[in-house]
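Take a look at the structure below.
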Amino acid sequence: DAKTTQPTSMDCAEGRAANLPCNHSTISGNEYVYWYRQIHSQGPQYIIHGLKNNETNEMASLIITEDRKSSTLILPHATLRDTAVYYCIVRLMGIQGAQKLVFGQGTRLTINP
Amino acid sequence: ETGVTQTPRHLVMGMTNKKSLKCEQHLGHNAMYWYKQSAKKPLELMFVYNFKEQTENNSVPSRFSPECPNSSHLFLHLHTLQPEDSALYLCASSYSLGLAGGPRTDTQYFGPGTRLTVL
C-alpha cells in the first residue's frame, strides 16, 4: 500500500470548515483513499473513501486532486465533537480476500470553541 | 454504534492469568481482524480471518491465540502476558471480496476496543 503523509496536528475554530490534507504521491491506479478518525481511546470510525472523483456524505467531503497525488478531507462545520486523530489511508481495492489497513500517525485535529 | 461489539471494555490481568477478549459483529460480514494500539503508537494489525480461516498473522507472539468459530465471532485468548502487552485491542469486520459478484466494498468497521492492563 502507498505511503501517506499528513500534518501532525491542526487547529480549527468551532463552526468553521476543517480542511485536512494528505499527500500520497506514490498512489497507484487501483488504490483508494480512505479516511478514518479516532476519538480518544475509542475504535476508529470510518468517514469516507474515494478513487478519483470527489465524494460527499453526511459526515464529510473528500476532494482528490486530478493527478491523485493528494487529497483533502473537509468537515464543513466543525464541532467540538470532531476533535480526534484523523487517518488518511491508501489501499488496494478489488483484491480477493480480506485486506488489512495500514495506519500511520494521522493528524490530531483540535476544534477550539 | 458500528455493529461491532467488544467485551470486556476494560480488563486488568496479572502475568499468570488467562483471559479472553470477545468480538461480535452484526453486519453480515465475513472477514474479521484484530488490531493492537499501544500508547502513542499507530494501530498495528495482529490477525486476519477470512471466512473463519486465518489468513494473516503479523508475527504475533504465541501468548496471543486467536479463535474464529464463525464469521460473526472472534476471540483473542491471552495467557502469560507481559506488562508491555498493555494496550487497546481493537476488533474490526468487513465484507471479503470474492472472485465475482458479491459486495463491492470491503470497508472495515471497528468495535470500541478493549483496554487491557497487564500488571
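Letters A, B, ... mark the chains of the C-alpha cells in the order given; residue numbers begin at 1 per chain; ligand numbers begin at 1, in order shown.
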
Considering only C-alpha atoms, tabulate each residue of chain A that lies at most 10 Å from chain B along with its nearest interatomic pair and the corresponding distance in Å to one decimal; arrange the rows by chain and ascending residue number and present them as a Markdown table.
| residue | atom | partner | partner_atom | distance |
| --- | --- | --- | --- | --- |
| A:Tyr34 | CA | B:Thr107 | CA | 8.8 |
| A:Tyr36 | CA | B:Tyr109 | CA | 9.8 |
| A:Ser41 | CA | B:Leu88 | CA | 7.5 |
| A:Gln42 | CA | B:Pro112 | CA | 5.2 |
| A:Gly43 | CA | B:Pro112 | CA | 4.5 |
| A:Pro44 | CA | B:Phe110 | CA | 6.0 |
| A:Gln45 | CA | B:Phe110 | CA | 6.7 |
| A:Tyr46 | CA | B:Tyr109 | CA | 6.6 |
| A:Ile48 | CA | B:Thr107 | CA | 9.5 |
| A:His49 | CA | B:Thr107 | CA | 8.8 |
| A:Tyr87 | CA | B:Pro42 | CA | 9.8 |
| A:Met93 | CA | B:Thr105 | CA | 8.0 |
| A:Gly94 | CA | B:Leu97 | CA | 6.9 |
| A:Ile95 | CA | B:Leu97 | CA | 6.8 |
| A:Gln96 | CA | B:Leu97 | CA | 5.0 |
| A:Gly97 | CA | B:Ser96 | CA | 5.1 |
| A:Ala98 | CA | B:Ser96 | CA | 5.1 |
| A:Gln99 | CA | B:Asp106 | CA | 8.0 |
| A:Lys100 | CA | B:Leu45 | CA | 7.0 |
| A:Leu101 | CA | B:Leu45 | CA | 7.5 |
| A:Val102 | CA | B:Glu44 | CA | 7.1 |
| A:Phe103 | CA | B:Leu43 | CA | 5.8 |
| A:Gly104 | CA | B:Pro42 | CA | 5.7 |
| A:Gln105 | CA | B:Pro42 | CA | 5.5 |
| A:Gly106 | CA | B:Pro42 | CA | 8.3 |

Output for the residues just chosen: N, CA, C and O atoms as a compact mmCIF listing (two decimals), in the first residue's frame:
# COMPACT_ATOMS: atom_id res chain seq x y z
N TYR A 34 -8.80 6.29 1.77
CA TYR A 34 -9.74 6.09 2.88
C TYR A 34 -9.43 7.09 3.99
O TYR A 34 -8.27 7.40 4.25
N TYR A 36 -10.34 7.63 8.14
CA TYR A 36 -10.92 7.22 9.42
C TYR A 36 -10.56 8.28 10.45
O TYR A 36 -9.62 9.05 10.28
N SER A 41 -9.17 7.08 22.67
CA SER A 41 -9.35 5.76 23.27
C SER A 41 -10.58 5.01 22.78
O SER A 41 -11.05 4.10 23.45
N GLN A 42 -11.12 5.42 21.63
CA GLN A 42 -12.23 4.68 21.05
C GLN A 42 -11.75 3.98 19.78
O GLN A 42 -10.63 4.20 19.33
N GLY A 43 -12.60 3.14 19.21
CA GLY A 43 -12.24 2.50 17.95
C GLY A 43 -12.30 3.48 16.80
O GLY A 43 -13.08 4.43 16.82
N PRO A 44 -11.47 3.30 15.77
CA PRO A 44 -11.53 4.16 14.61
C PRO A 44 -12.90 4.14 13.96
O PRO A 44 -13.56 3.09 13.89
N GLN A 45 -13.30 5.31 13.48
CA GLN A 45 -14.61 5.45 12.84
C GLN A 45 -14.40 5.74 11.36
O GLN A 45 -13.67 6.66 10.99
N TYR A 46 -15.02 4.96 10.51
CA TYR A 46 -14.94 5.18 9.07
C TYR A 46 -15.62 6.50 8.72
O TYR A 46 -16.71 6.81 9.22
N ILE A 48 -15.05 8.24 5.09
CA ILE A 48 -15.34 8.35 3.67
C ILE A 48 -14.20 7.71 2.89
O ILE A 48 -13.10 7.53 3.42
N HIS A 49 -14.45 7.34 1.64
CA HIS A 49 -13.37 6.89 0.78
C HIS A 49 -13.68 7.27 -0.66
O HIS A 49 -14.85 7.54 -1.01
N TYR A 87 -7.01 9.77 10.18
CA TYR A 87 -6.07 8.94 9.44
C TYR A 87 -6.44 8.89 7.97
O TYR A 87 -7.59 8.60 7.62
N MET A 93 -7.99 -1.86 -3.80
CA MET A 93 -9.36 -2.36 -3.78
C MET A 93 -9.50 -3.41 -4.88
O MET A 93 -8.71 -3.47 -5.80
N GLY A 94 -10.53 -4.21 -4.71
CA GLY A 94 -10.81 -5.20 -5.73
C GLY A 94 -9.95 -6.43 -5.64
O GLY A 94 -9.94 -7.27 -6.54
N ILE A 95 -9.22 -6.56 -4.51
CA ILE A 95 -8.39 -7.74 -4.33
C ILE A 95 -9.19 -8.79 -3.57
O ILE A 95 -9.81 -8.49 -2.55
N GLN A 96 -9.16 -10.00 -4.04
CA GLN A 96 -9.92 -11.05 -3.39
C GLN A 96 -9.41 -11.26 -1.97
O GLN A 96 -8.23 -11.21 -1.69
N GLY A 97 -10.36 -11.51 -1.06
CA GLY A 97 -9.98 -11.83 0.32
C GLY A 97 -10.05 -10.60 1.22
O GLY A 97 -10.54 -9.56 0.85
N ALA A 98 -9.56 -10.78 2.43
CA ALA A 98 -9.59 -9.72 3.44
C ALA A 98 -8.29 -8.94 3.41
O ALA A 98 -7.21 -9.52 3.41
N GLN A 99 -8.39 -7.64 3.37
CA GLN A 99 -7.22 -6.79 3.24
C GLN A 99 -7.02 -5.94 4.49
O GLN A 99 -7.94 -5.30 4.96
N LYS A 100 -5.80 -5.89 4.98
CA LYS A 100 -5.53 -5.12 6.19
C LYS A 100 -5.47 -3.63 5.88
O LYS A 100 -5.28 -3.20 4.75
N LEU A 101 -5.63 -2.84 6.94
CA LEU A 101 -5.41 -1.40 6.88
C LEU A 101 -4.07 -1.09 7.53
O LEU A 101 -3.74 -1.66 8.57
N VAL A 102 -3.31 -0.21 6.92
CA VAL A 102 -2.04 0.22 7.48
C VAL A 102 -2.20 1.66 7.96
O VAL A 102 -2.36 2.57 7.15
N PHE A 103 -2.17 1.85 9.27
CA PHE A 103 -2.37 3.17 9.85
C PHE A 103 -1.02 3.85 10.07
O PHE A 103 -0.06 3.23 10.49
N GLY A 104 -1.00 5.16 9.79
CA GLY A 104 0.15 5.98 10.15
C GLY A 104 -0.13 6.70 11.46
O GLY A 104 -0.95 6.25 12.25
N GLN A 105 0.55 7.83 11.64
CA GLN A 105 0.37 8.60 12.88
C GLN A 105 -0.86 9.48 12.82
O GLN A 105 -1.38 9.90 13.85
N GLY A 106 -1.33 9.84 11.60
CA GLY A 106 -2.52 10.66 11.48
C GLY A 106 -2.30 12.11 11.85
O GLY A 106 -1.19 12.54 12.22

* For atom CA of Ser28 of chain A and atom CA of Met59 of chain A, determine how far apart the two atoms are, in Å to one decimal place. => 26.3 Å

* To do: Pick out each residue of chain A that DSSP on the backbone tags as strand (DSSP E); I need them as a count of residues only.
  => 52

* To do: Quick one: everything within 10 Å of Ile27 of chain A, counting only C-alpha atoms, minus sequence neighbours fewer than 4 positions away in the same chain. Send it as number ranges by chain.
  => A: 1-4, 23, 31-33, 67-70, 90-92

Extract, using only C-alpha atoms, all DNA, RNA and protein residues at most 6 Å from Leu62 of chain A, discarding same-chain residues fewer than 3 positions from it, and format them as a tab-separated table (two decimals) with N, CA, C and O atoms, in the first residue's frame.
chain	number	residue	atom	x	y	z
A	54	ASN	N	-14.55	13.40	-6.55
A	54	ASN	CA	-14.84	13.94	-5.23
A	54	ASN	C	-16.05	13.22	-4.66
A	54	ASN	O	-16.97	12.84	-5.39
A	55	GLU	N	-16.03	13.01	-3.36
A	55	GLU	CA	-17.10	12.30	-2.70
A	55	GLU	C	-17.63	13.12	-1.53
A	55	GLU	O	-16.88	13.88	-0.91
A	72	THR	N	-7.89	16.08	0.21
A	72	THR	CA	-8.27	16.90	1.36
A	72	THR	C	-9.60	16.41	1.90
A	72	THR	O	-10.55	16.24	1.13
A	73	LEU	N	-9.63	16.16	3.19
A	73	LEU	CA	-10.88	15.84	3.86
A	73	LEU	C	-11.45	17.14	4.41
A	73	LEU	O	-10.74	17.89	5.09

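If only C-alpha atoms are the atoms counted, then among B:Leu74, B:Val60, B:Leu119, B:Ala87 the closest residue to Asn17 of chain B is B:Leu119.
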
* Determine, counting only C-alpha atoms, which protein, DNA and RNA residues have an atom within 10 Å of an atom of Lys18 of chain B; residues of the same chain fewer than 2 positions away are not included. Present the result as a ChimeraX atom specification. => /B:13-16,20,63,77-81

Store the residues picked out above in a file with all heavy atoms, as an mmCIF file, in the first residue's frame.
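Produced file selection.cif, reproduced below:
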data_model
loop_
_atom_site.group_PDB
_atom_site.id
_atom_site.type_symbol
_atom_site.label_atom_id
_atom_site.label_comp_id
_atom_site.auth_asym_id
_atom_site.auth_seq_id
_atom_site.Cartn_x
_atom_site.Cartn_y
_atom_site.Cartn_z
ATOM 1 N N MET B 13 -5.268 -7.699 34.228
ATOM 2 C CA MET B 13 -4.887 -9.069 34.498
ATOM 3 C C MET B 13 -3.426 -9.153 34.924
ATOM 4 O O MET B 13 -2.606 -8.301 34.557
ATOM 5 C CB MET B 13 -5.131 -9.963 33.283
ATOM 6 C CG MET B 13 -4.380 -9.577 32.032
ATOM 7 S SD MET B 13 -4.850 -10.588 30.601
ATOM 8 C CE MET B 13 -4.140 -12.172 31.006
ATOM 9 N N GLY B 14 -3.140 -10.190 35.699
ATOM 10 C CA GLY B 14 -1.769 -10.442 36.093
ATOM 11 C C GLY B 14 -1.065 -11.253 35.028
ATOM 12 O O GLY B 14 -1.690 -11.802 34.123
ATOM 13 N N MET B 15 0.243 -11.323 35.122
ATOM 14 C CA MET B 15 1.027 -12.000 34.095
ATOM 15 C C MET B 15 0.763 -13.494 34.034
ATOM 16 O O MET B 15 1.007 -14.131 33.011
ATOM 17 C CB MET B 15 2.510 -11.705 34.296
ATOM 18 C CG MET B 15 2.888 -10.264 33.997
ATOM 19 S SD MET B 15 4.671 -9.991 33.981
ATOM 20 C CE MET B 15 5.009 -10.066 35.733
ATOM 21 N N THR B 16 0.240 -14.067 35.119
ATOM 22 C CA THR B 16 -0.004 -15.507 35.122
ATOM 23 C C THR B 16 -1.450 -15.859 34.791
ATOM 24 O O THR B 16 -1.817 -17.027 34.718
ATOM 25 C CB THR B 16 0.351 -16.118 36.485
ATOM 26 O OG1 THR B 16 -0.442 -15.462 37.490
ATOM 27 C CG2 THR B 16 1.823 -15.917 36.795
ATOM 28 N N SER B 20 -9.794 -13.961 28.002
ATOM 29 C CA SER B 20 -10.167 -13.917 26.586
ATOM 30 C C SER B 20 -10.912 -12.628 26.277
ATOM 31 O O SER B 20 -11.733 -12.169 27.079
ATOM 32 C CB SER B 20 -11.054 -15.109 26.226
ATOM 33 O OG SER B 20 -10.353 -16.320 26.366
ATOM 34 N N ARG B 63 1.695 -16.064 22.904
ATOM 35 C CA ARG B 63 0.871 -15.830 24.093
ATOM 36 C C ARG B 63 -0.476 -15.183 23.725
ATOM 37 O O ARG B 63 -1.359 -15.064 24.555
ATOM 38 C CB ARG B 63 1.627 -14.976 25.105
ATOM 39 C CG ARG B 63 2.097 -13.624 24.610
ATOM 40 C CD ARG B 63 2.953 -12.948 25.685
ATOM 41 N NE ARG B 63 3.393 -11.618 25.303
ATOM 42 C CZ ARG B 63 4.515 -11.355 24.655
ATOM 43 N NH1 ARG B 63 5.328 -12.363 24.318
ATOM 44 N NH2 ARG B 63 4.842 -10.113 24.358
ATOM 45 N N HIS B 77 -7.468 -15.095 22.843
ATOM 46 C CA HIS B 77 -7.135 -15.724 24.112
ATOM 47 C C HIS B 77 -5.757 -15.259 24.557
ATOM 48 O O HIS B 77 -4.804 -15.259 23.761
ATOM 49 C CB HIS B 77 -7.181 -17.250 23.976
ATOM 50 C CG HIS B 77 -8.496 -17.772 23.478
ATOM 51 N ND1 HIS B 77 -9.679 -17.562 24.160
ATOM 52 C CD2 HIS B 77 -8.811 -18.465 22.361
ATOM 53 C CE1 HIS B 77 -10.672 -18.124 23.487
ATOM 54 N NE2 HIS B 77 -10.176 -18.675 22.387
ATOM 55 N N LEU B 78 -5.677 -14.885 25.816
ATOM 56 C CA LEU B 78 -4.457 -14.285 26.358
ATOM 57 C C LEU B 78 -3.913 -15.153 27.493
ATOM 58 O O LEU B 78 -4.673 -15.575 28.368
ATOM 59 C CB LEU B 78 -4.763 -12.887 26.905
ATOM 60 C CG LEU B 78 -5.651 -11.982 26.051
ATOM 61 C CD1 LEU B 78 -6.043 -10.735 26.837
ATOM 62 C CD2 LEU B 78 -4.945 -11.623 24.760
ATOM 63 N N HIS B 79 -2.613 -15.422 27.479
ATOM 64 C CA HIS B 79 -2.011 -16.156 28.600
ATOM 65 C C HIS B 79 -0.553 -15.758 28.756
ATOM 66 O O HIS B 79 0.164 -15.547 27.786
ATOM 67 C CB HIS B 79 -2.171 -17.666 28.414
ATOM 68 C CG HIS B 79 -1.465 -18.196 27.200
ATOM 69 N ND1 HIS B 79 -0.203 -18.767 27.263
ATOM 70 C CD2 HIS B 79 -1.820 -18.249 25.904
ATOM 71 C CE1 HIS B 79 0.155 -19.161 26.051
ATOM 72 N NE2 HIS B 79 -0.802 -18.854 25.207
ATOM 73 N N THR B 80 -0.140 -15.689 29.996
ATOM 74 C CA THR B 80 1.217 -15.287 30.380
ATOM 75 C C THR B 80 1.670 -14.040 29.652
ATOM 76 O O THR B 80 2.738 -13.992 29.025
ATOM 77 C CB THR B 80 2.235 -16.431 30.180
ATOM 78 O OG1 THR B 80 2.249 -16.823 28.805
ATOM 79 C CG2 THR B 80 1.896 -17.596 31.061
ATOM 80 N N LEU B 81 0.844 -12.995 29.703
ATOM 81 C CA LEU B 81 1.198 -11.745 29.044
ATOM 82 C C LEU B 81 2.237 -10.982 29.845
ATOM 83 O O LEU B 81 2.479 -11.272 31.026
ATOM 84 C CB LEU B 81 -0.050 -10.880 28.858
ATOM 85 C CG LEU B 81 -1.126 -11.407 27.905
ATOM 86 C CD1 LEU B 81 -2.136 -10.310 27.620
ATOM 87 C CD2 LEU B 81 -0.532 -11.921 26.614
#

* Structure fact -> re atom CA of Asn30 of chain A and atom CA of Ile63 of chain A: distance 17.2 Å

* To do: Calculate how many Å separate atom CA of Lys52 of chain B from atom CA of Pro69 of chain B, rounding to one decimal.
  => 6.5 Å
